[in-house]
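Chemist: You'll find coords_29.txt just under this line, and it carries compact mmCIF, C-alpha atoms and all ligand atoms.
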```txt
# COMPACT_ATOMS: atom_id res chain seq x y z
CA MET B 70 54.58 -55.88 113.39
CA TYR B 71 57.84 -55.66 111.43
CA VAL B 72 59.74 -58.94 111.29
CA ILE B 73 62.89 -60.04 109.51
CA PHE B 74 63.35 -63.66 108.44
CA LEU B 75 67.08 -64.32 108.47
CA GLY B 76 68.67 -67.51 107.22
CA ALA B 77 71.10 -68.94 104.70
CA PRO B 78 69.96 -69.70 101.14
CA GLY B 79 67.92 -72.89 101.36
CA ALA B 80 66.89 -72.40 105.00
CA GLY B 81 63.25 -72.11 103.97
CA LYS B 82 62.81 -68.36 104.47
CA GLY B 83 60.65 -67.90 101.38
CA THR B 84 58.23 -70.74 102.10
CA GLN B 85 57.85 -69.79 105.74
CA ALA B 86 57.62 -66.04 105.13
CA ALA B 87 54.80 -66.50 102.60
CA GLU B 88 52.79 -68.76 104.96
CA VAL B 89 53.34 -66.71 108.10
CA ALA B 90 52.57 -63.42 106.30
CA LYS B 91 49.25 -64.89 105.16
CA GLU B 92 48.48 -66.18 108.65
CA LEU B 93 49.29 -62.85 110.36
CA LYS B 94 47.98 -60.63 107.52
CA LEU B 95 51.29 -58.88 106.99
CA ALA B 96 52.88 -57.79 103.72
CA HIS B 97 55.57 -60.18 102.47
CA ILE B 98 58.58 -58.52 100.88
CA ALA B 99 61.12 -60.82 99.25
CA THR B 100 63.91 -58.87 97.56
CA GLY B 101 65.05 -61.96 95.60
CA ASP B 102 61.52 -62.29 94.12
CA MET B 103 61.49 -58.56 93.31
CA PHE B 104 64.78 -58.89 91.41
CA ARG B 105 63.54 -62.00 89.57
CA ASP B 106 60.33 -60.15 88.61
CA ALA B 107 62.36 -57.21 87.31
CA GLN B 108 64.45 -59.65 85.25
CA LYS B 109 61.35 -61.29 83.80
CA LYS B 110 60.07 -57.84 82.77
CA GLY B 111 63.48 -56.96 81.30
CA THR B 112 63.76 -53.65 83.19
CA ALA B 113 67.07 -51.84 83.71
CA LEU B 114 66.96 -52.91 87.39
CA GLY B 115 66.44 -56.53 86.35
CA LEU B 116 69.35 -56.47 83.92
CA LYS B 117 71.66 -54.92 86.51
CA ALA B 118 70.60 -57.40 89.22
CA LYS B 119 71.13 -60.35 86.86
CA GLU B 120 74.86 -59.56 86.60
CA TYR B 121 75.23 -60.24 90.32
CA MET B 122 72.60 -62.92 90.86
CA GLU B 123 73.96 -65.30 88.26
CA LYS B 124 77.34 -65.20 90.00
CA GLY B 125 75.81 -65.79 93.43
CA LYS B 126 76.90 -62.29 94.57
CA LEU B 127 74.80 -59.71 96.37
CA VAL B 128 73.26 -56.91 94.33
CA PRO B 129 74.95 -53.66 95.51
CA ASP B 130 73.44 -52.05 98.60
CA GLU B 131 72.44 -48.76 96.92
CA ILE B 132 70.36 -50.57 94.28
CA THR B 133 68.77 -52.97 96.78
CA VAL B 134 68.05 -50.33 99.42
CA ALA B 135 66.44 -47.94 96.90
CA MET B 136 64.15 -50.73 95.65
CA LEU B 137 63.23 -51.78 99.19
CA LEU B 138 62.51 -48.27 100.46
CA GLU B 139 60.17 -47.63 97.55
CA ARG B 140 58.37 -50.91 98.26
CA ILE B 141 57.85 -50.29 102.00
CA ALA B 142 56.22 -46.93 101.26
CA ALA B 143 53.27 -48.80 99.68
CA PRO B 144 49.96 -48.79 101.61
CA ASP B 145 49.92 -52.58 102.14
CA CYS B 146 53.01 -52.26 104.36
CA ARG B 147 51.34 -50.02 106.95
CA GLN B 148 50.07 -52.92 109.08
CA GLY B 149 53.45 -54.59 109.13
CA VAL B 150 55.86 -56.53 106.99
CA ILE B 151 57.77 -59.78 106.90
CA PHE B 152 61.14 -59.08 105.29
CA ASP B 153 62.45 -62.14 103.48
CA GLY B 154 66.03 -61.95 102.21
CA PHE B 155 66.48 -58.36 103.36
CA PRO B 156 68.61 -57.03 105.00
CA ARG B 157 71.65 -59.04 103.95
CA THR B 158 74.41 -56.60 104.94
CA LEU B 159 75.00 -54.26 107.86
CA ALA B 160 74.59 -51.26 105.52
CA GLN B 161 71.13 -52.54 104.52
CA THR B 162 70.27 -53.06 108.19
CA GLU B 163 71.17 -49.46 108.99
CA ALA B 164 69.20 -48.11 106.01
CA LEU B 165 66.11 -50.08 107.04
CA ASP B 166 66.36 -49.00 110.70
CA LYS B 167 66.74 -45.35 109.67
CA SER B 168 63.74 -45.46 107.37
CA LEU B 169 61.53 -47.13 110.01
CA VAL B 170 62.60 -44.66 112.70
CA LYS B 171 61.46 -41.79 110.43
CA GLN B 172 57.98 -43.34 110.53
CA SER B 173 58.21 -43.95 114.34
CA LYS B 174 58.46 -47.68 113.69
CA ALA B 175 61.07 -50.32 114.40
CA ILE B 176 61.86 -53.96 113.71
CA ASP B 177 60.05 -56.00 116.36
CA LYS B 178 61.71 -59.34 115.87
CA VAL B 179 64.26 -61.19 113.81
CA ILE B 180 63.59 -64.86 113.22
CA PHE B 181 66.81 -66.71 112.47
CA ILE B 182 65.96 -69.99 110.73
CA LYS B 183 68.90 -72.25 111.47
CA VAL B 184 69.88 -75.14 109.18
CA ALA B 185 73.29 -76.88 109.01
CA GLU B 186 75.46 -76.15 105.94
CA GLU B 187 75.43 -79.76 104.64
CA GLU B 188 71.65 -79.81 104.70
CA LEU B 189 71.53 -76.45 102.87
CA LEU B 190 73.69 -77.85 100.05
CA THR B 191 71.44 -80.91 99.67
CA ARG B 192 68.28 -78.80 99.69
CA LEU B 193 69.48 -76.24 97.14
CA SER B 194 70.91 -78.73 94.67
CA GLY B 195 67.63 -80.62 94.25
CA ARG B 196 65.30 -77.63 94.39
CA TRP B 197 62.53 -77.05 91.83
CA ILE B 198 60.17 -74.06 92.07
CA CYS B 199 56.75 -73.37 90.59
CA ARG B 200 56.89 -70.53 88.06
CA GLN B 201 53.39 -69.39 89.00
CA CYS B 202 53.00 -69.70 92.78
CA GLN B 203 56.68 -70.11 93.84
CA THR B 204 55.99 -73.33 95.82
CA PRO B 205 59.33 -75.12 96.23
CA TYR B 206 59.83 -78.89 95.72
CA HIS B 207 62.81 -81.15 96.17
CA GLU B 208 63.48 -83.98 93.75
CA VAL B 209 64.31 -86.39 96.59
CA THR B 210 62.71 -85.15 99.80
CA SER B 211 59.48 -83.52 98.55
CA PRO B 212 58.88 -84.34 94.86
CA PRO B 213 55.69 -83.16 93.14
CA LYS B 214 53.02 -85.80 92.40
CA ILE B 215 53.53 -85.27 88.66
CA LYS B 216 57.09 -84.57 87.50
CA GLY B 217 57.57 -80.95 86.44
CA LYS B 218 54.10 -79.83 87.60
CA CYS B 219 53.07 -77.95 90.74
CA ASP B 220 50.70 -79.90 93.05
CA ARG B 221 48.97 -76.65 94.09
CA CYS B 222 48.36 -74.80 90.83
CA SER B 223 49.64 -77.14 88.03
CA GLY B 224 52.22 -74.47 87.14
CA GLU B 225 55.49 -75.44 85.47
CA LEU B 226 58.42 -76.26 87.79
CA TYR B 227 61.88 -74.85 87.04
CA GLN B 228 65.35 -74.81 88.59
CA ARG B 229 66.69 -71.37 89.47
CA ASP B 230 69.81 -70.37 87.50
CA ASP B 231 71.58 -69.63 90.77
CA ASP B 232 70.86 -73.15 92.12
CA LYS B 233 73.79 -74.53 90.05
CA PRO B 234 76.51 -76.18 92.21
CA THR B 235 79.20 -73.48 91.79
CA THR B 236 76.73 -70.64 92.34
CA ILE B 237 75.25 -72.39 95.40
CA LYS B 238 78.73 -72.55 96.98
CA GLU B 239 79.28 -68.84 96.28
CA ARG B 240 75.86 -67.90 97.73
CA LEU B 241 76.63 -69.80 100.94
CA LYS B 242 80.07 -68.17 101.13
CA VAL B 243 78.46 -64.74 100.71
CA PHE B 244 75.92 -65.57 103.43
CA PHE B 245 78.58 -66.54 105.98
CA ALA B 246 80.78 -63.53 105.13
CA GLN B 247 78.22 -60.73 104.69
CA THR B 248 74.90 -61.76 106.23
CA ALA B 249 75.89 -63.93 109.23
CA PRO B 250 77.25 -60.83 111.09
CA LEU B 251 73.62 -59.67 111.27
CA ILE B 252 72.95 -62.57 113.67
CA ASP B 253 75.28 -60.98 116.22
CA TYR B 254 73.93 -57.50 115.51
CA TYR B 255 70.33 -58.51 116.21
CA THR B 256 71.34 -60.67 119.18
CA ARG B 257 72.95 -57.58 120.73
CA THR B 258 69.80 -55.54 120.15
CA GLY B 259 67.78 -58.32 121.85
CA LYS B 260 65.59 -58.90 118.78
CA LEU B 261 66.86 -62.23 117.51
CA VAL B 262 65.05 -65.49 118.11
CA GLU B 263 66.57 -68.68 116.74
CA VAL B 264 64.23 -71.29 115.27
CA ASN B 265 65.13 -74.81 114.18
CA GLY B 266 64.72 -74.91 110.39
CA VAL B 267 64.81 -78.70 110.14
CA GLY B 268 61.46 -80.46 110.12
CA THR B 269 58.27 -80.38 108.08
CA VAL B 270 57.00 -77.01 106.80
CA GLU B 271 54.25 -77.19 109.46
CA GLU B 272 56.71 -77.97 112.29
CA VAL B 273 59.02 -75.11 111.37
CA GLN B 274 56.04 -72.75 110.99
CA LYS B 275 54.83 -73.71 114.48
CA GLY B 276 58.29 -72.86 115.85
CA ILE B 277 58.19 -69.48 114.13
CA LEU B 278 54.68 -68.60 115.31
CA ASN B 279 55.68 -69.54 118.88
CA ALA B 280 58.83 -67.44 118.59
CA LEU B 281 56.77 -64.46 117.42
CA LYS B 282 54.59 -64.75 120.52
CA ARG B 283 57.57 -65.00 122.86
CA ARG B 284 59.60 -62.09 124.12
CA SER B 285 62.89 -62.10 122.21
CA ALA B 286 65.82 -62.65 124.49
CA GLY B 287 68.58 -63.43 122.02
CA ARG B 288 69.60 -66.92 121.08
CA LYS B 289 67.99 -69.89 122.76
P1 LIG Q 301 67.00 -65.07 97.27
O1 LIG Q 301 65.81 -65.35 96.41
O2 LIG Q 301 66.63 -64.33 98.52
O3 LIG Q 301 67.86 -66.27 97.51
O4 LIG Q 301 67.90 -64.03 96.43
C1 LIG Q 301 68.45 -64.37 95.17
C2 LIG Q 301 69.55 -63.41 94.81
O5 LIG Q 301 69.02 -62.07 94.71
C3 LIG Q 301 70.68 -63.29 95.82
O6 LIG Q 301 71.66 -64.31 95.67
C4 LIG Q 301 71.24 -61.91 95.48
O7 LIG Q 301 72.00 -61.93 94.29
C5 LIG Q 301 69.97 -61.12 95.18
N1 LIG Q 301 69.44 -60.50 96.42
C6 LIG Q 301 68.24 -60.79 97.04
N2 LIG Q 301 68.08 -60.04 98.14
C7 LIG Q 301 69.20 -59.27 98.23
C8 LIG Q 301 69.66 -58.30 99.17
N3 LIG Q 301 68.94 -57.99 100.26
N4 LIG Q 301 70.86 -57.72 98.94
C9 LIG Q 301 71.58 -57.99 97.85
N5 LIG Q 301 71.24 -58.92 96.94
C10 LIG Q 301 70.05 -59.55 97.12
```
Give the structure from this file in structure tokens form.
Ligand code: AMP

Modeler:
Amino acid sequence: MYVIFLGAPGAGKGTQAAEVAKELKLAHIATGDMFRDAQKKGTALGLKAKEYMEKGKLVPDEITVAMLLERIAAPDCRQGVIFDGFPRTLAQTEALDKSLVKQSKAIDKVIFIKVAEEELLTRLSGRWICRQCQTPYHEVTSPPKIKGKCDRCSGELYQRDDDKPTTIKERLKVFFAQTAPLIDYYTRTGKLVEVNGVGTVEEVQKGILNALKRRSAGRK
């Protein structure tokens, strides 16, 4: 099964994609995590991506698509993939479709995790993430038991550079301008299922798992 998790920054794509991938034994590909890893390692790709990420802009399609296509050729992707944060533009969508068609595969479903813009702003501005296991926390709505420490693995919590107020606004602007058109694209192809992204992690996950079982018939 090949599934795309679509949603604005802060919609909870990362958390949900990681959980659902584990549950369904699918590979989890998060292009944002791949770029952050490359930055940590100081590779040429990481340095290039940083220029865009710190401004809240998208990394150019040719760089992103090349990285993604190399990743989906790995053996762990043969049983299926949850794409988290990819595609983000129509050009990326086309590149992914083309590559899957070559392997006689196709995207089965697109889960659109819907959250209102005001809520996204609140979530992103108080977000802290574990450096080790990537579990997200929120200083008001879901704080860790011990400040600065992950409840799951005791890893150190940090705030992403691109979770600063001006960068958050730019990332949301980029989402509505460049990624939101994908909602219409996948609605037209009959693959999109909209899921309410407001609720506990478990509630949202239940909605997603139900949506994956249902036949996709566009927006609810
Ligand atoms: P994320 O962790 O998904 O919020 O991504 C963080 C940042 O990485 C984004 O704001 C972009 O700068 C970059 N990025 C991640 N995925 C993509 C993509 N599919 N296309 C272009 N840039 C991306």

Chemist: Need to verify the contact set: segment 149-152 of chain B, 9 Å, all atoms listed in the file, exclusion of same-chain residues closer than 5 positions in sequence. Can you return it as a short mmCIF file (atom, residue, chain, number, x, y, z; two decimals) with C-alpha atoms, in the coordinates of the input?

Modeler:
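Below is the file that was written, part.cif:
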```cif
data_model
loop_
_atom_site.label_atom_id
_atom_site.label_comp_id
_atom_site.auth_asym_id
_atom_site.auth_seq_id
_atom_site.Cartn_x
_atom_site.Cartn_y
_atom_site.Cartn_z
CA MET B 70 54.58 -55.88 113.39
CA TYR B 71 57.84 -55.66 111.43
CA VAL B 72 59.74 -58.94 111.29
CA ILE B 73 62.89 -60.04 109.51
CA PHE B 74 63.35 -63.66 108.44
CA LEU B 75 67.08 -64.32 108.47
CA ALA B 86 57.62 -66.04 105.13
CA ALA B 87 54.80 -66.50 102.60
CA VAL B 89 53.34 -66.71 108.10
CA ALA B 90 52.57 -63.42 106.30
CA LYS B 94 47.98 -60.63 107.52
CA LEU B 95 51.29 -58.88 106.99
CA ALA B 96 52.88 -57.79 103.72
CA HIS B 97 55.57 -60.18 102.47
CA ILE B 98 58.58 -58.52 100.88
CA ALA B 99 61.12 -60.82 99.25
CA THR B 100 63.91 -58.87 97.56
CA ILE B 141 57.85 -50.29 102.00
#
```

Chemist: Name the closest residue to Arg140 of chain B among the candidates B:Lys216, B:Arg283, B:Leu165, B:Phe181; distances are taken between atoms, counting all atoms listed in the file.

Modeler: B:Leu165

Chemist: Taking all atoms listed in the file into account, which residues have an atom no farther than 9 Å from ligand LIG 301 (chain Q)? I'd like them as a PyMOL selection string.

Modeler: chain B and resi 77-79+82-83+99-105+118-130+132-134+137+153-158+161+231+236-237+239-240+243-244

Chemist: Residues within 10 Å of segment 255-271 of chain B, please, as a PyMOL selection string. Count all atoms listed in the file; anything in the same chain fewer than 5 positions from it doesn't count.

Modeler: chain B and resi 72-76+79-82+84-85+88+162+176-185+188+250+276-281+283-289

Chemist: Using all atoms listed in the file, which of B:Leu241, B:Ala249, B:Leu138, B:Val273 sits nearest Lys167 of chain B?

Modeler: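 Answer, going by the shortest atom-to-atom distance: B:Leu138.
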
Chemist: Mind giving me the straight-line distance from atom CA of Val170 of chain B to atom CA of Phe245 of chain B in Å, one decimal?

Modeler: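 About the pair atom CA of Val170 of chain B and atom CA of Phe245 of chain B: they are 27.9 Å apart.
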
Chemist: In terms of the shortest atom-to-atom distance over only C-alpha atoms, which of B:Ile198, B:Val209, B:Leu190, B:Cys222 is closest to Lys242 of chain B?

Modeler: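 Closest residue, counting only C-alpha atoms: B:Leu190.
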
Chemist: So what do you get for atom CA of Ser194 of chain B versus atom CA of His207 of chain B, distance-wise?

Modeler: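 Separation between atom CA of Ser194 of chain B and atom CA of His207 of chain B: 8.6 Å.
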
Chemist: Write out as a count of residues only which residues come within 10 Å of Pro205 of chain B when counting all atoms listed in the file, dropping same-chain ones fewer than 6 positions away.

Modeler: 14

Chemist: Can you work out the spacing between atom CA of Glu208 of chain B and atom CA of Gly195 of chain B in Å, to one decimal?

Modeler: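 Rounded to one decimal, the two atoms are 5.4 Å apart.
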